[in-house]
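S.K.: Just so it is clear, I am handing over structure-v6.cif, which has mmCIF, N, CA and C atoms.
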data_protein
loop_
_atom_site.label_atom_id
_atom_site.label_comp_id
_atom_site.auth_asym_id
_atom_site.auth_seq_id
_atom_site.Cartn_x
_atom_site.Cartn_y
_atom_site.Cartn_z
N MET A 167 -11.06 -14.52 26.88
CA MET A 167 -10.90 -14.07 25.51
C MET A 167 -9.99 -12.84 25.49
N ARG A 168 -9.09 -12.78 24.53
CA ARG A 168 -8.18 -11.65 24.38
C ARG A 168 -8.69 -10.75 23.27
N GLU A 169 -8.48 -9.48 23.42
CA GLU A 169 -8.87 -8.54 22.37
C GLU A 169 -7.61 -7.99 21.69
N LEU A 170 -7.74 -7.59 20.43
CA LEU A 170 -6.61 -7.19 19.62
C LEU A 170 -6.42 -5.68 19.55
N LYS A 171 -7.47 -4.91 19.76
CA LYS A 171 -7.44 -3.47 19.59
C LYS A 171 -6.33 -2.79 20.38
N SER A 172 -6.08 -3.22 21.60
CA SER A 172 -5.09 -2.57 22.46
C SER A 172 -3.66 -2.79 22.00
N SER A 173 -3.45 -3.68 21.04
CA SER A 173 -2.11 -3.96 20.53
C SER A 173 -1.88 -3.41 19.13
N LEU A 174 -2.88 -2.72 18.58
CA LEU A 174 -2.80 -2.21 17.21
C LEU A 174 -3.00 -0.71 17.15
N ALA A 175 -2.55 -0.13 16.06
CA ALA A 175 -2.86 1.26 15.73
C ALA A 175 -3.13 1.32 14.23
N SER A 176 -3.95 2.24 13.83
CA SER A 176 -4.29 2.38 12.42
C SER A 176 -4.00 3.80 11.98
N ARG A 177 -3.42 3.94 10.79
CA ARG A 177 -3.12 5.26 10.23
C ARG A 177 -3.58 5.28 8.77
N GLN A 178 -4.25 6.36 8.40
CA GLN A 178 -4.59 6.53 6.99
C GLN A 178 -3.38 7.15 6.30
N SER A 179 -2.94 6.53 5.22
CA SER A 179 -1.78 7.05 4.50
C SER A 179 -2.18 7.68 3.17
N LEU A 180 -3.10 7.07 2.47
CA LEU A 180 -3.57 7.60 1.20
C LEU A 180 -5.09 7.59 1.25
N ALA A 181 -5.68 8.77 1.41
CA ALA A 181 -7.13 8.87 1.56
C ALA A 181 -7.84 8.29 0.34
N PRO A 182 -8.93 7.56 0.56
CA PRO A 182 -9.68 7.01 -0.58
C PRO A 182 -10.16 8.13 -1.50
N ALA A 183 -9.86 7.97 -2.78
CA ALA A 183 -10.25 8.98 -3.77
C ALA A 183 -10.24 8.34 -5.15
N LEU A 184 -10.91 9.00 -6.07
CA LEU A 184 -10.87 8.58 -7.46
C LEU A 184 -9.51 8.96 -8.02
N ARG A 185 -8.73 7.98 -8.45
CA ARG A 185 -7.35 8.21 -8.89
C ARG A 185 -7.26 8.19 -10.42
N ILE A 186 -6.78 9.31 -10.97
CA ILE A 186 -6.45 9.37 -12.40
C ILE A 186 -5.02 9.85 -12.60
N THR A 187 -4.35 10.22 -11.50
CA THR A 187 -2.95 10.62 -11.55
C THR A 187 -2.20 9.97 -10.39
N THR A 188 -0.90 9.92 -10.49
CA THR A 188 -0.06 9.33 -9.47
C THR A 188 -0.19 10.12 -8.17
N ALA A 189 -0.20 9.41 -7.03
CA ALA A 189 -0.31 10.05 -5.72
C ALA A 189 0.62 9.36 -4.72
N THR A 190 1.17 10.13 -3.79
CA THR A 190 2.06 9.60 -2.76
C THR A 190 1.37 9.70 -1.41
N GLY A 191 1.38 8.61 -0.66
CA GLY A 191 0.76 8.58 0.66
C GLY A 191 1.64 9.21 1.72
N THR A 192 1.04 9.52 2.85
CA THR A 192 1.75 10.04 4.01
C THR A 192 2.65 8.94 4.58
N ALA A 193 3.85 9.30 4.98
CA ALA A 193 4.79 8.32 5.54
C ALA A 193 4.27 7.79 6.88
N ILE A 194 4.48 6.50 7.10
CA ILE A 194 4.11 5.84 8.34
C ILE A 194 5.39 5.62 9.14
N ASP A 195 5.43 6.13 10.37
CA ASP A 195 6.58 5.95 11.26
C ASP A 195 6.33 4.71 12.11
N ARG A 196 7.23 3.74 12.03
CA ARG A 196 7.08 2.46 12.74
C ARG A 196 7.52 2.52 14.19
N THR A 197 8.00 3.64 14.67
CA THR A 197 8.50 3.72 16.04
C THR A 197 7.45 3.20 17.02
N GLY A 198 7.86 2.25 17.87
CA GLY A 198 6.97 1.68 18.87
C GLY A 198 6.18 0.48 18.40
N PHE A 199 6.37 0.09 17.14
CA PHE A 199 5.64 -1.06 16.59
C PHE A 199 6.62 -1.95 15.82
N GLU A 200 6.42 -3.25 15.95
CA GLU A 200 7.30 -4.20 15.29
C GLU A 200 6.79 -4.66 13.93
N SER A 201 5.54 -4.38 13.60
CA SER A 201 5.00 -4.85 12.33
C SER A 201 4.06 -3.82 11.71
N VAL A 202 3.98 -3.88 10.38
CA VAL A 202 3.08 -3.01 9.62
C VAL A 202 2.43 -3.84 8.51
N THR A 203 1.11 -3.71 8.40
CA THR A 203 0.38 -4.29 7.29
C THR A 203 -0.41 -3.17 6.63
N PHE A 204 -0.30 -3.07 5.32
CA PHE A 204 -1.06 -2.08 4.57
C PHE A 204 -2.35 -2.71 4.06
N VAL A 205 -3.43 -1.95 4.14
CA VAL A 205 -4.71 -2.37 3.57
C VAL A 205 -4.97 -1.45 2.38
N VAL A 206 -4.94 -2.04 1.18
CA VAL A 206 -5.21 -1.29 -0.04
C VAL A 206 -6.69 -1.46 -0.34
N HIS A 207 -7.43 -0.37 -0.26
CA HIS A 207 -8.88 -0.39 -0.52
C HIS A 207 -9.09 -0.04 -1.99
N VAL A 208 -9.72 -0.94 -2.72
CA VAL A 208 -10.03 -0.69 -4.12
C VAL A 208 -11.54 -0.67 -4.27
N GLY A 209 -12.05 0.43 -4.76
CA GLY A 209 -13.48 0.55 -5.01
C GLY A 209 -13.78 0.32 -6.47
N ALA A 210 -14.67 1.11 -7.01
CA ALA A 210 -15.06 0.97 -8.41
C ALA A 210 -13.88 1.31 -9.32
N TRP A 211 -13.63 0.45 -10.28
CA TRP A 211 -12.61 0.66 -11.30
C TRP A 211 -13.30 0.85 -12.63
N THR A 212 -12.86 1.86 -13.39
CA THR A 212 -13.43 2.08 -14.71
C THR A 212 -12.40 1.82 -15.80
N ASP A 213 -11.21 2.41 -15.65
CA ASP A 213 -10.18 2.21 -16.66
C ASP A 213 -8.80 2.52 -16.09
N GLY A 214 -7.79 2.18 -16.86
CA GLY A 214 -6.41 2.46 -16.47
C GLY A 214 -5.75 1.32 -15.72
N GLN A 215 -4.42 1.36 -15.73
CA GLN A 215 -3.63 0.42 -14.94
C GLN A 215 -3.08 1.19 -13.75
N HIS A 216 -3.45 0.76 -12.54
CA HIS A 216 -3.07 1.43 -11.30
C HIS A 216 -2.14 0.50 -10.53
N ILE A 217 -0.97 0.98 -10.17
CA ILE A 217 0.01 0.18 -9.46
C ILE A 217 0.21 0.82 -8.09
N VAL A 218 -0.16 0.11 -7.03
CA VAL A 218 0.08 0.58 -5.67
C VAL A 218 1.33 -0.15 -5.20
N TYR A 219 2.40 0.62 -4.98
CA TYR A 219 3.66 0.04 -4.52
C TYR A 219 4.14 0.81 -3.30
N PHE A 220 5.28 0.42 -2.74
CA PHE A 220 5.70 0.96 -1.45
C PHE A 220 7.15 1.40 -1.49
N GLU A 221 7.44 2.44 -0.72
CA GLU A 221 8.79 2.97 -0.56
C GLU A 221 9.12 3.00 0.93
N HIS A 222 10.41 2.88 1.27
CA HIS A 222 10.81 2.96 2.67
C HIS A 222 12.05 3.83 2.82
N SER A 223 12.27 4.27 4.08
CA SER A 223 13.33 5.24 4.35
C SER A 223 13.84 5.09 5.77
N ASP A 224 15.11 5.39 5.97
CA ASP A 224 15.69 5.43 7.32
C ASP A 224 15.46 6.78 8.00
N ASP A 225 15.39 7.85 7.20
CA ASP A 225 15.35 9.20 7.77
C ASP A 225 14.06 9.98 7.50
N GLY A 226 13.14 9.42 6.73
CA GLY A 226 11.89 10.11 6.43
C GLY A 226 12.00 11.14 5.32
N SER A 227 13.17 11.23 4.67
CA SER A 227 13.30 12.19 3.58
C SER A 227 13.80 11.55 2.28
N THR A 228 14.67 10.56 2.36
CA THR A 228 15.17 9.86 1.18
C THR A 228 14.52 8.48 1.13
N TYR A 229 13.71 8.25 0.11
CA TYR A 229 12.94 7.00 0.00
C TYR A 229 13.46 6.13 -1.13
N TYR A 230 13.37 4.81 -0.91
CA TYR A 230 13.77 3.81 -1.88
C TYR A 230 12.61 2.84 -2.09
N THR A 231 12.45 2.36 -3.31
CA THR A 231 11.38 1.42 -3.62
C THR A 231 11.60 0.11 -2.86
N CYS A 232 10.54 -0.38 -2.20
CA CYS A 232 10.62 -1.67 -1.51
C CYS A 232 10.78 -2.78 -2.54
N LEU A 233 11.62 -3.76 -2.20
CA LEU A 233 11.87 -4.89 -3.08
C LEU A 233 11.06 -6.10 -2.62
N GLU A 234 11.16 -7.17 -3.36
CA GLU A 234 10.40 -8.38 -3.08
C GLU A 234 10.59 -8.88 -1.65
N ASP A 235 11.82 -8.86 -1.15
CA ASP A 235 12.10 -9.37 0.20
C ASP A 235 11.54 -8.49 1.31
N ASP A 236 11.11 -7.26 0.98
CA ASP A 236 10.58 -6.34 1.98
C ASP A 236 9.08 -6.49 2.20
N LEU A 237 8.39 -7.18 1.30
CA LEU A 237 6.93 -7.22 1.31
C LEU A 237 6.40 -8.65 1.26
N VAL A 238 5.26 -8.86 1.92
CA VAL A 238 4.56 -10.14 1.89
C VAL A 238 3.21 -9.90 1.23
N GLY A 239 2.90 -10.68 0.21
CA GLY A 239 1.62 -10.53 -0.47
C GLY A 239 1.66 -9.63 -1.68
N ALA A 240 2.85 -9.16 -2.05
CA ALA A 240 3.00 -8.26 -3.19
C ALA A 240 3.51 -9.04 -4.40
N THR A 241 3.23 -8.50 -5.58
CA THR A 241 3.77 -9.05 -6.81
C THR A 241 4.45 -7.94 -7.59
N VAL A 242 5.33 -8.31 -8.48
CA VAL A 242 6.02 -7.30 -9.30
C VAL A 242 5.10 -6.88 -10.44
N ASN A 243 5.14 -5.60 -10.77
CA ASN A 243 4.40 -5.12 -11.92
C ASN A 243 5.27 -5.35 -13.15
N LEU A 244 4.77 -6.12 -14.10
CA LEU A 244 5.56 -6.48 -15.27
C LEU A 244 5.78 -5.30 -16.21
N THR A 245 4.91 -4.30 -16.17
CA THR A 245 5.09 -3.14 -17.04
C THR A 245 6.32 -2.34 -16.61
N THR A 246 6.44 -2.08 -15.32
CA THR A 246 7.57 -1.29 -14.84
C THR A 246 8.77 -2.16 -14.51
N GLY A 247 8.52 -3.41 -14.11
CA GLY A 247 9.59 -4.35 -13.81
C GLY A 247 10.31 -4.13 -12.50
N GLU A 248 9.94 -3.10 -11.74
CA GLU A 248 10.65 -2.85 -10.49
C GLU A 248 9.74 -2.50 -9.33
N LYS A 249 8.48 -2.28 -9.56
CA LYS A 249 7.58 -1.85 -8.50
C LYS A 249 6.84 -3.06 -7.92
N TRP A 250 7.11 -3.38 -6.64
CA TRP A 250 6.46 -4.48 -5.95
C TRP A 250 5.27 -3.95 -5.18
N GLY A 251 4.12 -4.52 -5.41
CA GLY A 251 2.90 -4.09 -4.74
C GLY A 251 1.72 -4.84 -5.32
N VAL A 252 0.73 -4.10 -5.77
CA VAL A 252 -0.46 -4.70 -6.36
C VAL A 252 -0.85 -3.88 -7.59
N THR A 253 -1.30 -4.58 -8.64
CA THR A 253 -1.72 -3.93 -9.87
C THR A 253 -3.22 -4.08 -10.02
N ILE A 254 -3.89 -2.95 -10.23
CA ILE A 254 -5.33 -2.94 -10.43
C ILE A 254 -5.55 -2.56 -11.89
N GLU A 255 -6.14 -3.49 -12.65
CA GLU A 255 -6.36 -3.26 -14.08
C GLU A 255 -7.38 -4.27 -14.58
N ASP A 256 -7.75 -4.16 -15.86
CA ASP A 256 -8.65 -5.15 -16.46
C ASP A 256 -7.96 -6.50 -16.43
N ASP A 257 -8.64 -7.51 -15.89
CA ASP A 257 -8.03 -8.84 -15.80
C ASP A 257 -8.28 -9.69 -17.04
N GLY A 258 -8.94 -9.14 -18.06
CA GLY A 258 -9.15 -9.85 -19.31
C GLY A 258 -10.39 -10.70 -19.37
N SER A 259 -11.11 -10.86 -18.26
CA SER A 259 -12.29 -11.72 -18.28
C SER A 259 -13.51 -11.03 -18.87
N SER A 260 -13.54 -9.71 -18.85
CA SER A 260 -14.61 -8.95 -19.49
C SER A 260 -14.17 -7.49 -19.53
N PRO A 261 -14.84 -6.68 -20.30
CA PRO A 261 -14.43 -5.28 -20.39
C PRO A 261 -14.57 -4.50 -19.08
N THR A 262 -15.39 -4.99 -18.16
CA THR A 262 -15.61 -4.23 -16.93
C THR A 262 -15.27 -5.03 -15.67
N ALA A 263 -14.39 -6.00 -15.77
CA ALA A 263 -14.05 -6.82 -14.60
C ALA A 263 -12.56 -6.70 -14.30
N PRO A 264 -12.17 -5.68 -13.54
CA PRO A 264 -10.74 -5.52 -13.24
C PRO A 264 -10.29 -6.46 -12.13
N THR A 265 -9.00 -6.65 -12.05
CA THR A 265 -8.41 -7.35 -10.94
C THR A 265 -8.63 -6.51 -9.68
N TYR A 266 -9.09 -7.12 -8.59
CA TYR A 266 -9.30 -6.47 -7.30
C TYR A 266 -10.41 -5.42 -7.28
N HIS A 267 -11.39 -5.51 -8.13
CA HIS A 267 -12.52 -4.59 -8.15
C HIS A 267 -13.32 -4.75 -6.85
N ASN A 268 -13.52 -3.65 -6.11
CA ASN A 268 -14.28 -3.65 -4.86
C ASN A 268 -13.74 -4.66 -3.84
N GLU A 269 -12.44 -4.63 -3.62
CA GLU A 269 -11.80 -5.54 -2.67
C GLU A 269 -10.81 -4.79 -1.79
N ASN A 270 -10.39 -5.44 -0.72
CA ASN A 270 -9.28 -4.98 0.12
C ASN A 270 -8.13 -5.96 -0.05
N ILE A 271 -6.94 -5.46 -0.22
CA ILE A 271 -5.75 -6.29 -0.39
C ILE A 271 -4.81 -5.99 0.77
N LEU A 272 -4.28 -7.03 1.41
CA LEU A 272 -3.34 -6.87 2.51
C LEU A 272 -1.91 -7.09 2.01
N ILE A 273 -1.02 -6.14 2.33
CA ILE A 273 0.40 -6.24 1.99
C ILE A 273 1.18 -6.03 3.28
N GLY A 274 1.97 -7.02 3.67
CA GLY A 274 2.77 -6.92 4.89
C GLY A 274 4.16 -6.38 4.59
N TYR A 275 4.67 -5.55 5.48
CA TYR A 275 6.02 -5.01 5.36
C TYR A 275 6.92 -5.74 6.35
N VAL A 276 8.01 -6.34 5.86
CA VAL A 276 8.94 -7.06 6.72
C VAL A 276 10.35 -6.47 6.64
N GLY A 277 10.47 -5.31 6.02
CA GLY A 277 11.76 -4.63 5.94
C GLY A 277 12.15 -4.05 7.28
N ASP A 278 13.31 -3.39 7.32
CA ASP A 278 13.82 -2.89 8.60
C ASP A 278 13.91 -1.37 8.66
N ARG A 279 13.30 -0.67 7.73
CA ARG A 279 13.36 0.79 7.73
C ARG A 279 12.30 1.37 8.66
N GLN A 280 12.52 2.58 9.14
CA GLN A 280 11.61 3.21 10.10
C GLN A 280 10.36 3.79 9.43
N TYR A 281 10.50 4.30 8.22
CA TYR A 281 9.38 4.96 7.55
C TYR A 281 8.99 4.19 6.30
N ILE A 282 7.68 4.09 6.07
CA ILE A 282 7.16 3.41 4.89
C ILE A 282 6.00 4.23 4.36
N ARG A 283 5.87 4.29 3.03
CA ARG A 283 4.73 5.00 2.44
C ARG A 283 4.30 4.31 1.15
N PRO A 284 3.01 4.38 0.84
CA PRO A 284 2.52 3.82 -0.43
C PRO A 284 2.52 4.89 -1.51
N LYS A 285 2.57 4.42 -2.74
CA LYS A 285 2.38 5.30 -3.90
C LYS A 285 1.37 4.63 -4.82
N SER A 286 0.48 5.43 -5.36
CA SER A 286 -0.47 4.96 -6.35
C SER A 286 0.00 5.51 -7.69
N TYR A 287 0.57 4.63 -8.50
CA TYR A 287 1.18 5.01 -9.78
C TYR A 287 0.22 4.66 -10.90
N ILE A 288 0.03 5.59 -11.82
CA ILE A 288 -0.83 5.36 -12.98
C ILE A 288 0.07 5.13 -14.18
N ASP A 289 -0.08 3.96 -14.82
CA ASP A 289 0.82 3.60 -15.92
C ASP A 289 0.34 4.11 -17.27
N ASP A 290 -0.88 4.56 -17.36
CA ASP A 290 -1.39 5.10 -18.61
C ASP A 290 -2.27 6.30 -18.27
N ALA A 291 -3.07 6.76 -19.18
CA ALA A 291 -3.89 7.95 -18.94
C ALA A 291 -5.36 7.57 -18.89
N PRO A 292 -5.85 7.16 -17.71
CA PRO A 292 -7.27 6.77 -17.63
C PRO A 292 -8.19 7.98 -17.75
N ASN A 293 -9.37 7.74 -18.29
CA ASN A 293 -10.37 8.80 -18.38
C ASN A 293 -11.10 8.98 -17.05
N THR A 294 -11.46 7.86 -16.42
CA THR A 294 -12.22 7.90 -15.18
C THR A 294 -11.42 7.38 -14.00
N GLY A 295 -10.64 6.31 -14.19
CA GLY A 295 -9.75 5.81 -13.14
C GLY A 295 -10.38 4.79 -12.21
N ALA A 296 -9.91 4.81 -10.96
CA ALA A 296 -10.36 3.86 -9.95
C ALA A 296 -10.32 4.52 -8.58
N PHE A 297 -11.23 4.10 -7.69
CA PHE A 297 -11.20 4.56 -6.31
C PHE A 297 -10.18 3.71 -5.55
N ILE A 298 -9.16 4.36 -4.99
CA ILE A 298 -8.10 3.66 -4.27
C ILE A 298 -7.75 4.44 -3.01
N GLY A 299 -7.54 3.73 -1.91
CA GLY A 299 -7.06 4.32 -0.66
C GLY A 299 -6.17 3.31 0.04
N VAL A 300 -5.29 3.77 0.93
CA VAL A 300 -4.38 2.87 1.64
C VAL A 300 -4.31 3.27 3.11
N ASP A 301 -4.56 2.28 3.98
CA ASP A 301 -4.40 2.45 5.43
C ASP A 301 -3.25 1.56 5.88
N ALA A 302 -2.63 1.92 7.00
CA ALA A 302 -1.59 1.10 7.61
C ALA A 302 -2.09 0.62 8.96
N ILE A 303 -1.90 -0.66 9.24
CA ILE A 303 -2.19 -1.22 10.55
C ILE A 303 -0.84 -1.55 11.18
N LEU A 304 -0.57 -0.90 12.30
CA LEU A 304 0.68 -1.12 13.02
C LEU A 304 0.42 -2.11 14.15
N GLY A 305 1.25 -3.13 14.25
CA GLY A 305 1.03 -4.18 15.24
C GLY A 305 2.23 -4.46 16.11
N HIS A 306 2.02 -5.33 17.08
CA HIS A 306 3.06 -5.72 18.03
C HIS A 306 3.63 -4.47 18.71
N ALA A 307 2.75 -3.71 19.32
CA ALA A 307 3.13 -2.45 19.98
C ALA A 307 4.03 -2.72 21.17
N SER A 308 5.02 -1.85 21.36
CA SER A 308 5.92 -2.00 22.51
C SER A 308 5.26 -1.52 23.80
N LYS A 309 4.28 -0.62 23.69
CA LYS A 309 3.52 -0.14 24.86
C LYS A 309 2.05 -0.37 24.58
N ARG A 310 1.39 -1.02 25.54
CA ARG A 310 -0.04 -1.29 25.40
C ARG A 310 -0.78 -0.78 26.63
N PRO A 311 -1.98 -0.30 26.47
CA PRO A 311 -2.74 -0.20 25.23
C PRO A 311 -2.23 0.94 24.36
N THR A 312 -2.48 0.82 23.05
CA THR A 312 -2.09 1.88 22.13
C THR A 312 -3.09 3.01 22.24
N ALA A 313 -2.67 4.18 21.85
CA ALA A 313 -3.57 5.35 21.93
C ALA A 313 -4.59 5.34 20.83
#
Please express the file's structure as structure tokens.

M.R.:
Amino acid sequence: MRELKSSLASRQSLAPALRITTATGTAIDRTGFESVTFVVHVGAWTDGQHIVYFEHSDDGSTYYTCLEDDLVGATVNLTTGEKWGVTIEDDGSSPTAPTYHNENILIGYVGDRQYIRPKSYIDDAPNTGAFIGVDAILGHASKRPTA
């Protein structure tokens, strides 16, 4: 049996917190890894439209919004029309049943930039908000075992 831990690394980019304002995650440096998957943790949602999208950079200082071809498992937010990621909001089935309530969503990065970071964008002014956090799982390490 093979184990996976020695080929992966995990980094917290956006600490889980109750989000009522826009927040930017810590940049993830891909050096030494060929793949990155983001885990978007969504806890209790009360109100607001929350858009978790991604930016990438060659130098770690100038960031550009990731496009459709850079991400696997992401959808475009129709409100903004340019942010590819995941939207957490009321899904219309009931007043308290948001899309992705108490779930983890996986978003794969297939772009070629060295640095990637998530952003939690709030499209309106929620009173209570939603618990959101983002971790990065780095895979296909060039040196194993990973630290």

S.K.: Just the number, please: distance in Å from CA of Ile194 in chain A to CA of Gly247 in chain A, one decimal.

M.R.: 25.0 Å

S.K.: Could you please write out, as a ChimeraX atom specification, every residue of chain A that DSSP assigns to strand (DSSP E or B)?

M.R.: /A:175-185,189-190,194-195,199-211,216-223,230-231,237-238,241-242,250-254,256,264,269-275,281-288,296-307

S.K.: Please write as a ChimeraX atom specification the full residue list that the PyMOL selection byres (((chain A and resi 204-212 and name CA) around 10) and name CA) yields on this file.

M.R.: /A:176-185,202-203,213-216,218,220,251-252,254-256,261-275,282-284,292-304

S.K.: Could you name the residues that touch Asp224 in chain A at 7 Å or less, counting all atoms listed in the file, but leaving out those on the same chain fewer than 6 positions away, as a VMD selection string?

M.R.: chain A and resid 279 to 281

S.K.: Starting from the displayed file, determine the output of the PyMOL selection byres (((chain A and resi 189 and name CA) around 7) and name CA) and express the residue list as a list in words.

M.R.: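 Going through the file, the PyMOL selection byres (((chain A and resi 189 and name CA) around 7) and name CA) ends up selecting Thr187, Thr188, Thr190, Gly191, Lys285, Ser286 and Tyr287 of chain A.
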
S.K.: Would you translate the PyMOL selection byres ((chain A and resi 311) around 8) into the concrete set of residues it matches in this file, as JSON, numbers by chain?

M.R.: {"A": [171, 172, 173, 174, 307, 308, 309, 310, 312, 313]}

S.K.: Calculate how many Å separate CA of His306 in chain A from CA of Ser227 in chain A, rounding to one decimal.

M.R.: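 According to the coordinates, CA of His306 in chain A and CA of Ser227 in chain A are separated by 25.2 Å.
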
S.K.: Given 8 Å on each side, where is the centre and what are the edge lengths in Å to one decimal of the axis-aligned box enclosing the listed atoms of range 277-296 of chain A, as AutoDock Vina command-line options?

M.R.:
--center_x 0.8 --center_y 1.8 --center_z -4.5 --size_x 42.1 --size_y 30.3 --size_z 45.3

S.K.: Between CA of Trp250 in chain A and CA of Glu234 in chain A, what is the spacing in Å?

M.R.: 6.2 Å

S.K.: Using DSSP on the backbone coordinates, identify the residues of range 168-268 of chain A assigned to helix (DSSP H, G or I); present them as a VMD selection string.

M.R.: chain A and resid 171 to 173 234 to 236
